[in-house]
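Beneath this line is the structure, given in structure tokens, with notes to follow.
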Amino acid sequence: MVRSTSEMLIHSCDTIGDVPPKLIGASTAISGSKLYLFGGSLPSASEPRPLARLYELDLELWKWKKVISAAADDAVPRARCFHTMDIWRDNLVVCGGLGVRGSAHNDVQLFSLSNRRWLPPPRKTSIPTASAPITQFPRPRHSHLSCVSVNRLFIMGGKDSFGAALDDICVYDLDRNEWTIQRTYPSLNIDHALAATSQFHVRALPPHSPCPEDTAGTMKSEAFFYSEPATNESPCDIYLYNFNFVQQSDHPQGKLHIVSCLPGGQIRGQTLATGTGGAPFSVRFPSGAILATTLILAGNHPVDNTEQLSFCIWTLDLTTNHWMRLDTGELLNGSWGSGYMWHEQNKFFTFGKRAEKFVDGAQGLILGWDAVSVLDFEALGVYHPPPLKLDAASQKLGLASLTDGRQADFAFLCDDGRRIPCSRQLIMERWPWLRERHAGLSGADASAKHGTRTDMTLTETSAAFSQSYPVTMALLQYLYSLALGTALQRAPAVLSYLLLISSEFRLLHLQALVRHAMHLALTEATAEGVYEIAASCGCRSLQIR
């Protein structure tokens, strides 16, 4: 039976463990392979019944557990719903929300993931504005938007305790524990807007990198991109997508705004053109994320002039300003909530049920946490590129050192008997798996055989490798430069063997680089070979593409 593309891209499963109850207005954040859920209100016909519980979901096992604070005297935040939660370094950052008896909050609370405890709340500090030198805290709010850019928390819009819309944007310095900026900004609300930013820039290799622009037709001439962490001096922009349901009630169009962080701690806002390809409209409770240079937008969309909504996903290429709606078939029909991006795995997922119908209104805010659907964005060619470990100059220096063979006290033996001398200290530092096996040798004459698909016989002074000279040289070029910067390394046949080696011998950064290079080199001519090697190495995303 032939499976559709959507069936290969999306899979669904049930969660297990201490599954949270159905909630309204709970907030979540992802750190590593864990999703955290805090607060929310139990469904009630009369008034909100907010909670102050914290849950953790293992995204590899899809198993929930309740998080218990490490110390009994922790300053657990007050119960709340319709708050926001973000990640900053190793902390959860909770802001605002609607509390008991309908009172809104304006506090910022941190939970240390490493110490498993809530940190003492900071003292109240002032915030400068344009209208007056000093005012008090930002107005209490709920149903607002937020995101963290480097060391600053941005909160935008929302409603006050009486349900009135707030039209400002406020910035909180997480290092100094104080509010620093407040600006007037068009009203934003979680039922029709989203905010997204990235913690990484995507850069192209410098013009003087070791890799030539073209490699005699063996590679596509596209640039080789890598990721670079955002810094205080170079933060990433914040993207706001807002649907104006007030002015255009039939088919409200969205507008994309960019908030840029300027030197000196200031901010600047601008509105982008709608873009090509058919921008989304009439999306309720949108959510989204930025993955590499792509804005992902998901939400509930009207179905054929009915009162029912279906969960839809769009992508916007931020380099070309082109929108595309993903074909998810019938797999995301039903009742689905917000979407979440697991950046390390390039996967986007949402909680809900296929069997249930989503109807707009208060009931649509009730989310269950016992079923999840996951979409693989790497299989669509949208993924987080690997980081650049060494700059171009250091890469060149490493490759030159390998070529001249100085300080070589170790050697790799190829399958044709040729030797490639190298530095044992450098190889062992950059290949932990090999270092562990080498340390286990019991004497100068000892040897050990490893590997299943690629044989390696290891001695005190050499490693006999069952690979050709070009593949072995390409591997050593990586170990010396921590990059795929030569024409030899990026030849399709060599990439295939490097994927096998990196998968079997735990060279995770090399594996990420090879997969990245294979995505860029994918053509009709190379597709069959890439499919076969990806299947044998368990790289399902690359295999699907």
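The way I read the labels, and the way they are meant: chains A, B, ... in the order of the structure tokens, residue 1 as the first residue of every chain, and ligand 1 as the first ligand shown, with later ones counted on from there.
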
_List as a list in words the protein and nucleic acid residues near range 153-156 of chain A, meaning an atom at most 8 Å away when only C-alpha atoms are counted, but skip any in the same chain fewer than 3 places from it._
His144, Leu145, Ser146, Cys147, Val148, Ser149, Asp167, Asp168, Ile169, Cys170, Val171, Tyr172, Asp173, Leu174, Tyr185, Ser187 and Leu188 of chain A

Grab the residues selected above and save them as an mmCIF file, in the first residue's frame with C-alpha atoms.
```cif
data_model
loop_
_atom_site.group_PDB
_atom_site.id
_atom_site.type_symbol
_atom_site.label_atom_id
_atom_site.label_comp_id
_atom_site.auth_asym_id
_atom_site.auth_seq_id
_atom_site.Cartn_x
_atom_site.Cartn_y
_atom_site.Cartn_z
ATOM 1 C CA HIS A 144 -0.557 38.521 26.105
ATOM 2 C CA LEU A 145 2.375 37.438 23.947
ATOM 3 C CA SER A 146 5.979 37.023 25.015
ATOM 4 C CA CYS A 147 9.362 35.771 23.880
ATOM 5 C CA VAL A 148 12.968 35.900 25.056
ATOM 6 C CA SER A 149 15.713 37.385 22.880
ATOM 7 C CA ASP A 167 -1.539 48.477 23.525
ATOM 8 C CA ASP A 168 2.086 48.373 24.614
ATOM 9 C CA ILE A 169 5.284 46.382 24.450
ATOM 10 C CA CYS A 170 7.512 46.070 27.535
ATOM 11 C CA VAL A 171 11.033 44.730 27.889
ATOM 12 C CA TYR A 172 12.459 43.067 31.003
ATOM 13 C CA ASP A 173 16.224 42.667 31.476
ATOM 14 C CA LEU A 174 16.651 39.147 32.885
ATOM 15 C CA TYR A 185 2.291 49.224 20.285
ATOM 16 C CA SER A 187 -2.935 45.673 20.662
ATOM 17 C CA LEU A 188 -2.048 41.974 20.418
#
```

Leaving out range 86-96 of chain A and any residue of its chain fewer than 6 positions from it, which residues lie within 7 Å of it when counting only C-alpha atoms, given as an mmCIF file with N, CA and C atoms, in the first residue's frame?
```cif
data_model
loop_
_atom_site.group_PDB
_atom_site.id
_atom_site.type_symbol
_atom_site.label_atom_id
_atom_site.label_comp_id
_atom_site.auth_asym_id
_atom_site.auth_seq_id
_atom_site.Cartn_x
_atom_site.Cartn_y
_atom_site.Cartn_z
ATOM 1 N N ALA A 29 6.772 25.548 27.507
ATOM 2 C CA ALA A 29 8.067 25.946 26.947
ATOM 3 C C ALA A 29 8.905 24.688 26.794
ATOM 4 N N SER A 31 12.757 22.960 26.562
ATOM 5 C CA SER A 31 14.189 23.065 26.818
ATOM 6 C C SER A 31 14.810 21.703 26.542
ATOM 7 N N ALA A 104 -5.466 40.020 37.442
ATOM 8 C CA ALA A 104 -4.323 39.790 36.580
ATOM 9 C C ALA A 104 -3.021 40.061 37.334
ATOM 10 N N HIS A 105 -1.942 39.412 36.878
ATOM 11 C CA HIS A 105 -0.622 39.566 37.494
ATOM 12 C C HIS A 105 0.316 40.328 36.555
ATOM 13 N N ASN A 106 1.364 40.896 37.141
ATOM 14 C CA ASN A 106 2.407 41.523 36.333
ATOM 15 C C ASN A 106 3.802 41.134 36.820
ATOM 16 N N ASP A 107 3.916 39.976 37.470
ATOM 17 C CA ASP A 107 5.205 39.536 38.007
ATOM 18 C C ASP A 107 5.971 38.706 36.991
ATOM 19 N N VAL A 108 7.279 38.544 37.244
ATOM 20 C CA VAL A 108 8.151 37.668 36.469
ATOM 21 C C VAL A 108 8.765 36.664 37.436
ATOM 22 N N GLN A 109 8.523 35.382 37.214
ATOM 23 C CA GLN A 109 8.993 34.324 38.105
ATOM 24 C C GLN A 109 9.867 33.347 37.326
ATOM 25 N N LEU A 110 10.957 32.892 37.961
ATOM 26 C CA LEU A 110 11.886 31.979 37.307
ATOM 27 C C LEU A 110 11.946 30.654 38.055
ATOM 28 N N PHE A 111 12.000 29.569 37.280
ATOM 29 C CA PHE A 111 12.187 28.233 37.829
ATOM 30 C C PHE A 111 13.489 27.673 37.277
ATOM 31 N N SER A 112 14.434 27.302 38.160
ATOM 32 C CA SER A 112 15.720 26.754 37.746
ATOM 33 C C SER A 112 15.551 25.281 37.402
ATOM 34 N N LEU A 113 15.801 24.932 36.146
ATOM 35 C CA LEU A 113 15.657 23.541 35.728
ATOM 36 C C LEU A 113 16.746 22.652 36.291
ATOM 37 N N SER A 114 17.931 23.195 36.487
ATOM 38 C CA SER A 114 19.029 22.386 37.028
ATOM 39 C C SER A 114 18.865 22.134 38.518
ATOM 40 N N PRO A 140 -0.793 44.985 35.036
ATOM 41 C CA PRO A 140 -1.095 43.547 35.099
ATOM 42 C C PRO A 140 -1.858 43.131 33.854
ATOM 43 N N ARG A 141 -1.575 41.907 33.396
ATOM 44 C CA ARG A 141 -2.175 41.477 32.134
ATOM 45 C C ARG A 141 -2.268 39.968 32.036
ATOM 46 N N HIS A 142 -3.114 39.539 31.123
ATOM 47 C CA HIS A 142 -3.206 38.129 30.752
ATOM 48 C C HIS A 142 -3.497 38.061 29.258
ATOM 49 N N CYS A 147 8.242 36.585 24.341
ATOM 50 C CA CYS A 147 9.362 35.771 23.880
ATOM 51 C C CYS A 147 10.640 36.339 24.479
ATOM 52 N N VAL A 148 11.671 35.512 24.509
ATOM 53 C CA VAL A 148 12.968 35.900 25.056
ATOM 54 C C VAL A 148 13.967 36.017 23.918
#
```

*Give me the residues within 6 Å of Leu194 in chain A as a PyMOL selection string, counting only C-alpha atoms and dropping any in the same chain fewer than 6 places off.*
chain A and resi 240-241+286-287

Mind writing the picked residues with N, CA and C atoms as a PDB file, in the first residue's frame?
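Once everything was written out, this is out-v2.pdb:
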```pdb
ATOM      1  N   LEU A 240       6.166  39.241  14.701  1.00  0.00           N
ATOM      2  CA  LEU A 240       4.799  39.260  15.219  1.00  0.00           C
ATOM      3  C   LEU A 240       3.844  39.131  14.041  1.00  0.00           C
ATOM      4  N   TYR A 241       2.950  38.151  14.117  1.00  0.00           N
ATOM      5  CA  TYR A 241       1.939  38.005  13.073  1.00  0.00           C
ATOM      6  C   TYR A 241       0.582  38.240  13.707  1.00  0.00           C
ATOM      7  N   PRO A 286      -3.454  31.359  16.836  1.00  0.00           N
ATOM      8  CA  PRO A 286      -2.254  30.948  16.087  1.00  0.00           C
ATOM      9  C   PRO A 286      -1.073  30.709  17.018  1.00  0.00           C
ATOM     10  N   SER A 287      -0.185  29.861  16.585  1.00  0.00           N
ATOM     11  CA  SER A 287       1.080  29.624  17.278  1.00  0.00           C
ATOM     12  C   SER A 287       2.146  29.458  16.216  1.00  0.00           C
TER      13      SER A 287
END
```

*Any chance you could list, as a PyMOL selection string, the residues in range 397-466 of chain A that come up alpha helix (DSSP H) when DSSP is run on the backbone?*
chain A and resi 397-404+424-430+432-439

*Using only C-alpha atoms, find the one residue out of A:Arg49, A:Lys389, A:Arg506, A:His301 that sits nearest to Gly99 in chain A.*
A:Arg49

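Using only C-alpha atoms, the residues found no farther than 6 Å from Lys347 in chain A, other than those of its own chain fewer than 4 positions away, are A:Met341, A:Trp342, A:Leu375, A:Asp376, A:Phe377.
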
*Rounded to one decimal place, report the CA of Cys236 in chain A-CA of Ala483 in chain A distance in Å.*
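According to the coordinates, CA of Cys236 in chain A and CA of Ala483 in chain A are separated by 24.6 Å.
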
*Rank nothing, just name the residue among A:Gln182, A:Thr472, A:Ser27, A:Ser503 nearest to Cys81 in chain A, using only C-alpha atoms.*
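Checking each of A:Gln182, A:Thr472, A:Ser27, A:Ser503 against Cys81 in chain A, counting only C-alpha atoms, the winner is A:Ser27.
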
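Our summary of the geometry notes that CA of Lys255 in chain A is positioned 20.8 Å from CA of Ala292 in chain A.
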
*Spatial neighbours of Trp314 in chain A, 12 Å, only C-alpha atoms, chain gap at least 2 places, as an NGL selection string*: :A and (277-281 or 283 or 286-290 or 294-301 or 311-312 or 316-317 or 322-328 or 339 or 348 or 377)

_Could you check the closest approach to Leu488 in chain A for each of A:Ile501, A:Glu47, A:Ile68, A:Pro470 and tell me which residue wins, using only C-alpha atoms?_
A:Pro470
